[in-house]
Structure formats: C-alpha cells, structure tokens
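This report refers to the structure that appears directly beneath it.
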Amino acid sequence: MKIALLTAGGDCPGLNAVIRGVVLKGDRIYDHEFVGVRGGFRGLVQDDIVPLPRQRVRGLSKVGGTILGTSRVSPFDHGGTDRVKEVMDKHEIDALIAIGGEGTLTVARMFHDDGINVVGVPKTIDNDLSATDRTFGFDTAVSVATESIDRLRTTGEAHSRCMVVEVMGRHAGWIALHAGIASGAHAILIPEVPVTQDQVCEWVQHAMDRRRAPVVVVAEGFRFEGADQVDKGRTDGFGRPLLGGIGEQVTGLIEERTGIETRNTTLGHLQRGGVPSADDRVLATRFGTAAVDAVSERRWGTMVALRGQDIVYVNLREATSALKTVPREQWDQAAILFG
C-alpha cells in the first residue's frame, strides 16, 4: 500500500516522532511505501509530494517542528476533494494519514465523507480534543511555559513588579492551568471561568500586601466577565479568529487599578518550538505506530486516541464534535491558592 503523510495547522513538538513511528513500523511490519506531503493541505492541492523512505526518518523522535512543513491552508479553497483525488491518483496513493488538530481533523472527516481513505492523528499543544485524554505537544508546551514563568518570577521579585504571562490554548485553558499550578501563580485566568476585573486586582493586591511579586497567568482565549473576546482582528486559513492581546489588557488594568508596576510577556510560539519532552516523544510514537495499524486494517474515517493508558480508535466525527475544556472544579481547586 502507498501511504501519504501530512502535517497541517500549527506546528507542535512530537510531529516528527509520529512520522518516524508510521514509516518505521509501516516499512518493517507491513512493507508499505510512504510519501510526504509538504506544507500541509497546500502541498496536497499543489502536488508537492516527495518520497519518504525509511532512511529519511532516522533519529527524528527528538527533532522539533516537522520535516514535512505545515500550513493553515484549507483544501476546499483550492479545488476541494476533487483536486485531492486527482493528485492522489496521479501518485497512486492509496491512503492518507492526516496529523493535526481540530481544523485538520475536520478536513479529514470531510475527506472521508467524500470517499478518500484517511486516518487521523490528533496533534495540538492546546490539549482541547475531547476524543483523546491527551495530545502530544501539550506536555512540552506546559514545561516551556512553566520554566518561562519561573524565570519571570525572579525578575518580578527583584523589582517588586507584577508579572502577567499570556500563554496559548485558544478557547481551552489547559496550558494556563497546568503551567500556572506548576509555577505557583497568584492568579490563573482561563476561558472556561470568566472572572471580574475587581477579583483579579484583589488577588494581585493581596499577593503584593504579603510582600510577594504577583504572577498572573492568562490564557489567550480568556475574557473578563461580561466583556468581548480579545483577538487580533484576523482569521487563520480555517476561518478561526487569531487570538492574542489579553495579556496587555490585563497588565493595563492592574496598573490602573492598583498602581503596581506591571509587565506583560506573551510566550507565543516559544511554546511550540524546540525538542519534544520524553513523554511527548513516547505518545507521538505510539500514535504513529497505531495509525499505520489503522491504515493496514482499513479503519478509514478513524482517529487514534489515548484513553487511560490505551491507544484506541475513534470515529473522526466524534473526534471533532466537541471541545475539551477545563472542568470548573479543577480551576476551583487551584483558585484556593490564589492571591
């Protein structure tokens, strides 16, 4: 069987480990042939296909980014499934493994509905896919965010400043919650729990009154109670708003209301870059080997997922049906320590 692999959407630590797992097992156990699609769905409609032999994936598990490249281009803006089938037929490709997040897997589901043999692999640092307990990239992103907050805390303490740290996560607060708890933040602001401006200032002032340098971790999708979403006024290739800017808003509010000198740091793509953690390498490899099993068993229209400690297969429609958000009780447990 000839199988094409693509990585689409935002890059993520562990993507190369998935590619390695797919190709090594597919070559050794099933004798499949592999090709790579460069630049995500853009490469699929532009016919940018390259051979992906076993030798090409050696040593990839520790490498960040993706050797195939990625993009946020929607194939439905460039010919749709008809064009995709044309390219696949030209290269005699039997199946596609699509590695990506919510947008990518939604496209994969639409491909399956239109008769393309496809299997999905969940990828997102945001950990917001409801069909899997965890996604690779999340552990690395939390570790990077935690280390960054630890470093910012020391400079905040040196100057008696409040430090606001904006992290990624879109409409889910998993990165903010885990990094905030790990670093001992004095307030964690997540999209799932709107709070008032007065409450945030109270937490900050309480920490300062105890001669602490306040640390506030805010998820990019957070909004104050009753306020509008803060975004960049632009959308990505899948039509979703690009979030960001809430950290500056929180910083300005704290300085205005409390008079405490406050600085904002937006971690941004630092959370996506670099080498994957050991946990992410292992999970990504397990996803990759399970994905090639799914293709070999012709489990079209499914996605590999982690449930407990087991790798399972779920329907792509289920995989993209709901956002996995932080339960209120988890935030409440952390909030006991705020201020």
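By order in the structure tokens, chains are A, B, ...; within a chain, residues start at 1; ligands start at 1, following the order shown.
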Among segment 185-301 of chain A, which residues does DSSP mark as strand (DSSP E) when it is run on the backbone? Keep the chain and numbering as in the structure and answer as a PyMOL selection string. chain A and resi 187-189+215-219+231-235+241-243+262-266
Would you save the residues from that selection as a compact mmCIF listing (two decimals), in the first residue's frame, using all heavy atoms?
```txt
# COMPACT_ATOMS: atom_id res chain seq x y z
N ALA A 187 -2.67 34.02 40.26
CA ALA A 187 -3.97 34.03 39.59
C ALA A 187 -3.81 33.33 38.25
O ALA A 187 -2.80 33.50 37.57
CB ALA A 187 -4.49 35.45 39.39
N ILE A 188 -4.81 32.52 37.90
CA ILE A 188 -4.82 31.82 36.61
C ILE A 188 -6.14 32.15 35.94
O ILE A 188 -7.22 31.85 36.48
CB ILE A 188 -4.67 30.30 36.79
CG1 ILE A 188 -3.38 29.96 37.54
CG2 ILE A 188 -4.71 29.60 35.43
CD1 ILE A 188 -3.27 28.50 37.95
N LEU A 189 -6.08 32.77 34.78
CA LEU A 189 -7.28 33.23 34.08
C LEU A 189 -7.47 32.38 32.83
O LEU A 189 -6.61 32.37 31.94
CB LEU A 189 -7.13 34.71 33.70
CG LEU A 189 -6.68 35.64 34.83
CD1 LEU A 189 -6.55 37.08 34.31
CD2 LEU A 189 -7.64 35.58 36.00
N VAL A 215 2.21 37.01 40.24
CA VAL A 215 2.32 36.40 38.92
C VAL A 215 0.91 36.02 38.46
O VAL A 215 0.19 35.31 39.17
CB VAL A 215 3.21 35.14 38.94
CG1 VAL A 215 3.18 34.44 37.58
CG2 VAL A 215 4.64 35.50 39.32
N VAL A 216 0.53 36.52 37.30
CA VAL A 216 -0.78 36.23 36.73
C VAL A 216 -0.57 35.50 35.41
O VAL A 216 0.10 36.01 34.51
CB VAL A 216 -1.59 37.51 36.48
CG1 VAL A 216 -2.95 37.18 35.85
CG2 VAL A 216 -1.77 38.29 37.78
N VAL A 217 -1.13 34.30 35.29
CA VAL A 217 -1.06 33.54 34.04
C VAL A 217 -2.42 33.64 33.37
O VAL A 217 -3.45 33.32 33.98
CB VAL A 217 -0.70 32.06 34.30
CG1 VAL A 217 -0.67 31.28 32.99
CG2 VAL A 217 0.65 31.96 35.01
N VAL A 218 -2.44 34.07 32.12
CA VAL A 218 -3.71 34.26 31.41
C VAL A 218 -3.67 33.53 30.08
O VAL A 218 -2.71 33.64 29.32
CB VAL A 218 -4.02 35.77 31.22
CG1 VAL A 218 -2.89 36.48 30.50
CG2 VAL A 218 -5.34 35.95 30.47
N ALA A 219 -4.70 32.75 29.83
CA ALA A 219 -4.84 32.06 28.55
C ALA A 219 -5.29 33.05 27.48
O ALA A 219 -6.07 33.96 27.75
CB ALA A 219 -5.85 30.92 28.66
N ASP A 231 -9.04 39.64 20.34
CA ASP A 231 -8.32 38.93 19.28
C ASP A 231 -7.56 39.92 18.42
O ASP A 231 -7.58 41.13 18.68
CB ASP A 231 -9.26 38.06 18.44
CG ASP A 231 -10.35 38.85 17.74
OD1 ASP A 231 -10.01 39.89 17.12
OD2 ASP A 231 -11.53 38.46 17.80
N LYS A 232 -6.89 39.42 17.40
CA LYS A 232 -6.03 40.25 16.55
C LYS A 232 -6.76 40.83 15.35
O LYS A 232 -6.13 41.48 14.51
CB LYS A 232 -4.83 39.42 16.09
CG LYS A 232 -3.95 38.95 17.25
CD LYS A 232 -2.78 38.11 16.76
CE LYS A 232 -1.91 37.67 17.94
NZ LYS A 232 -0.78 36.82 17.50
N GLY A 233 -8.05 40.56 15.23
CA GLY A 233 -8.81 41.10 14.12
C GLY A 233 -8.56 40.39 12.81
O GLY A 233 -8.95 40.90 11.75
N ARG A 234 -7.92 39.22 12.85
CA ARG A 234 -7.64 38.44 11.65
C ARG A 234 -8.06 37.00 11.88
O ARG A 234 -8.28 36.58 13.03
CB ARG A 234 -6.15 38.49 11.28
CG ARG A 234 -5.57 39.88 11.20
CD ARG A 234 -4.19 39.89 10.57
NE ARG A 234 -3.26 38.95 11.17
CZ ARG A 234 -2.53 39.19 12.25
NH1 ARG A 234 -2.65 40.36 12.87
NH2 ARG A 234 -1.68 38.31 12.72
N THR A 235 -8.16 36.23 10.80
CA THR A 235 -8.51 34.82 10.91
C THR A 235 -7.43 33.97 10.26
O THR A 235 -6.66 34.45 9.43
CB THR A 235 -9.87 34.52 10.23
OG1 THR A 235 -9.78 34.89 8.85
CG2 THR A 235 -10.99 35.30 10.90
N PRO A 241 -10.74 33.02 14.37
CA PRO A 241 -10.05 34.25 14.77
C PRO A 241 -8.71 33.95 15.41
O PRO A 241 -8.57 32.99 16.17
CB PRO A 241 -11.03 34.89 15.78
CG PRO A 241 -11.89 33.77 16.26
CD PRO A 241 -12.01 32.82 15.11
N LEU A 242 -7.72 34.78 15.11
CA LEU A 242 -6.41 34.67 15.74
C LEU A 242 -6.46 35.39 17.08
O LEU A 242 -6.70 36.60 17.13
CB LEU A 242 -5.33 35.28 14.84
CG LEU A 242 -5.10 34.58 13.50
CD1 LEU A 242 -4.11 35.37 12.66
CD2 LEU A 242 -4.60 33.16 13.72
N LEU A 243 -6.26 34.65 18.14
CA LEU A 243 -6.38 35.20 19.48
C LEU A 243 -5.05 35.81 19.94
O LEU A 243 -3.99 35.49 19.43
CB LEU A 243 -6.82 34.12 20.46
CG LEU A 243 -8.15 33.41 20.12
CD1 LEU A 243 -8.47 32.35 21.16
CD2 LEU A 243 -9.28 34.43 20.00
N THR A 262 3.56 46.82 36.48
CA THR A 262 3.21 45.51 35.91
C THR A 262 3.80 45.38 34.52
O THR A 262 3.79 46.32 33.73
CB THR A 262 1.68 45.34 35.85
OG1 THR A 262 1.13 45.59 37.16
CG2 THR A 262 1.29 43.94 35.41
N ARG A 263 4.30 44.18 34.21
CA ARG A 263 4.87 43.89 32.91
C ARG A 263 4.17 42.67 32.31
O ARG A 263 3.82 41.73 33.01
CB ARG A 263 6.37 43.61 33.01
CG ARG A 263 7.19 44.81 33.47
CD ARG A 263 7.27 45.86 32.38
NE ARG A 263 8.17 46.95 32.75
CZ ARG A 263 7.79 48.03 33.41
NH1 ARG A 263 6.52 48.17 33.79
NH2 ARG A 263 8.66 48.98 33.70
N ASN A 264 4.00 42.71 31.00
CA ASN A 264 3.38 41.58 30.29
C ASN A 264 4.39 40.86 29.42
O ASN A 264 5.22 41.50 28.76
CB ASN A 264 2.23 42.08 29.41
CG ASN A 264 1.68 40.97 28.52
OD1 ASN A 264 1.14 39.98 29.00
ND2 ASN A 264 1.84 41.12 27.21
N THR A 265 4.33 39.55 29.40
CA THR A 265 5.12 38.73 28.49
C THR A 265 4.18 37.76 27.79
O THR A 265 3.45 37.02 28.45
CB THR A 265 6.20 37.94 29.24
OG1 THR A 265 7.10 38.83 29.89
CG2 THR A 265 6.99 37.05 28.26
N THR A 266 4.19 37.80 26.47
CA THR A 266 3.40 36.85 25.69
C THR A 266 4.35 35.78 25.17
O THR A 266 5.23 36.06 24.34
CB THR A 266 2.70 37.56 24.51
OG1 THR A 266 1.84 38.58 25.03
CG2 THR A 266 1.89 36.57 23.69
```
Compile the contact shell of Phe222 of chain A as a PyMOL selection string: residues with an atom at most 8 Å away, counting only C-alpha atoms, same-chain residues fewer than 3 positions apart removed. chain A and resi 171+189-192+194+218-219+229-230+246
Would you put the residues from that selection into a file with C-alpha atoms, as a PDB file, in the first residue's frame?
```pdb
ATOM      1  CA  HIS A 171     -10.619  28.514  23.853  1.00  0.00           C
ATOM      2  CA  LEU A 189      -7.277  33.230  34.080  1.00  0.00           C
ATOM      3  CA  ILE A 190      -8.838  30.736  31.653  1.00  0.00           C
ATOM      4  CA  PRO A 191     -11.640  30.960  29.060  1.00  0.00           C
ATOM      5  CA  GLU A 192     -13.816  28.463  30.923  1.00  0.00           C
ATOM      6  CA  PRO A 194     -14.841  34.386  33.436  1.00  0.00           C
ATOM      7  CA  VAL A 218      -3.708  34.262  31.414  1.00  0.00           C
ATOM      8  CA  ALA A 219      -4.841  32.062  28.549  1.00  0.00           C
ATOM      9  CA  GLN A 229     -13.260  38.372  23.173  1.00  0.00           C
ATOM     10  CA  VAL A 230      -9.837  39.955  22.617  1.00  0.00           C
ATOM     11  CA  ILE A 246      -5.476  39.801  26.525  1.00  0.00           C
TER      12      ILE A 246
END
```
Apply DSSP to the structure's backbone, then extract all residues of segment 52-196 of chain A labelled alpha helix (DSSP H) and return them as a count of residues only. 55
Tell me, as a PDB file with N, CA, C and O atoms, in the first residue's frame, which residues lie within 8 Å of Val326 of chain A, counting only C-alpha atoms; anything in the same chain fewer than 2 positions away does not count.
```
ATOM      1  N   ALA A 172      -9.446  26.910  25.248  1.00  0.00           N
ATOM      2  CA  ALA A 172      -9.294  25.973  26.364  1.00  0.00           C
ATOM      3  C   ALA A 172      -8.131  26.428  27.241  1.00  0.00           C
ATOM      4  O   ALA A 172      -7.109  26.912  26.746  1.00  0.00           O
ATOM      5  N   GLY A 173      -8.271  26.256  28.537  1.00  0.00           N
ATOM      6  CA  GLY A 173      -7.285  26.796  29.470  1.00  0.00           C
ATOM      7  C   GLY A 173      -6.311  25.779  30.028  1.00  0.00           C
ATOM      8  O   GLY A 173      -5.695  26.022  31.078  1.00  0.00           O
ATOM      9  N   TRP A 174      -6.102  24.663  29.326  1.00  0.00           N
ATOM     10  CA  TRP A 174      -5.256  23.601  29.878  1.00  0.00           C
ATOM     11  C   TRP A 174      -3.816  24.054  30.104  1.00  0.00           C
ATOM     12  O   TRP A 174      -3.236  23.779  31.175  1.00  0.00           O
ATOM     13  N   GLU A 192     -12.680  29.180  30.355  1.00  0.00           N
ATOM     14  CA  GLU A 192     -13.816  28.463  30.923  1.00  0.00           C
ATOM     15  C   GLU A 192     -14.424  29.153  32.139  1.00  0.00           C
ATOM     16  O   GLU A 192     -15.572  28.872  32.511  1.00  0.00           O
ATOM     17  N   LYS A 324     -12.675  20.007  24.285  1.00  0.00           N
ATOM     18  CA  LYS A 324     -12.405  19.549  25.651  1.00  0.00           C
ATOM     19  C   LYS A 324     -11.922  20.740  26.471  1.00  0.00           C
ATOM     20  O   LYS A 324     -10.836  21.268  26.247  1.00  0.00           O
ATOM     21  N   ARG A 328     -14.724  23.085  35.750  1.00  0.00           N
ATOM     22  CA  ARG A 328     -14.705  24.174  36.732  1.00  0.00           C
ATOM     23  C   ARG A 328     -14.069  23.739  38.048  1.00  0.00           C
ATOM     24  O   ARG A 328     -13.332  24.509  38.683  1.00  0.00           O
ATOM     25  N   GLN A 330     -11.590  21.771  38.619  1.00  0.00           N
ATOM     26  CA  GLN A 330     -10.126  21.794  38.597  1.00  0.00           C
ATOM     27  C   GLN A 330      -9.605  23.210  38.816  1.00  0.00           C
ATOM     28  O   GLN A 330      -8.615  23.415  39.527  1.00  0.00           O
ATOM     29  N   TRP A 331     -10.246  24.184  38.196  1.00  0.00           N
ATOM     30  CA  TRP A 331      -9.845  25.575  38.412  1.00  0.00           C
ATOM     31  C   TRP A 331     -10.129  25.987  39.849  1.00  0.00           C
ATOM     32  O   TRP A 331      -9.330  26.690  40.475  1.00  0.00           O
TER      33      TRP A 331
END
```
For each of A:Val22, A:Val304, A:Val167, A:Val144, take the minimum atom-to-atom distance to Leu129 of chain A, counting only C-alpha atoms, then give the residue where this is smallest.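 The answer is A:Val304, which sits nearest to Leu129 of chain A.
For the choices A:Asp133, A:Asp139, A:Asp113, A:Asp198, the atom-to-atom distance to Leu253 of chain A is smallest for A:Asp198 when using only C-alpha atoms.
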So which one's closest to Ala207 of chain A, A:Gly36, A:Gly59, A:Gly226, A:Gly184? Using only C-alpha atoms, please.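 Nearest to Ala207 of chain A: A:Gly184.
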List as a list in words the protein and nucleic acid residues near His159 of chain A, meaning an atom at most 9 Å away when only C-alpha atoms are counted, but skip any in the same chain fewer than 5 places from it. Thr154, Ala213 and Glu261 of chain A
Tell me, as a PyMOL selection string, which residues lie within 12 Å of Val45 of chain A, counting only C-alpha atoms; anything in the same chain fewer than 5 positions away does not count. chain A and resi 6+37-40+73-88+90
Atom-to-atom span, atom CA of Phe287 of chain A and atom CA of Ser143 of chain A, Å: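 Here the two named atoms are 21.0 Å from each other.
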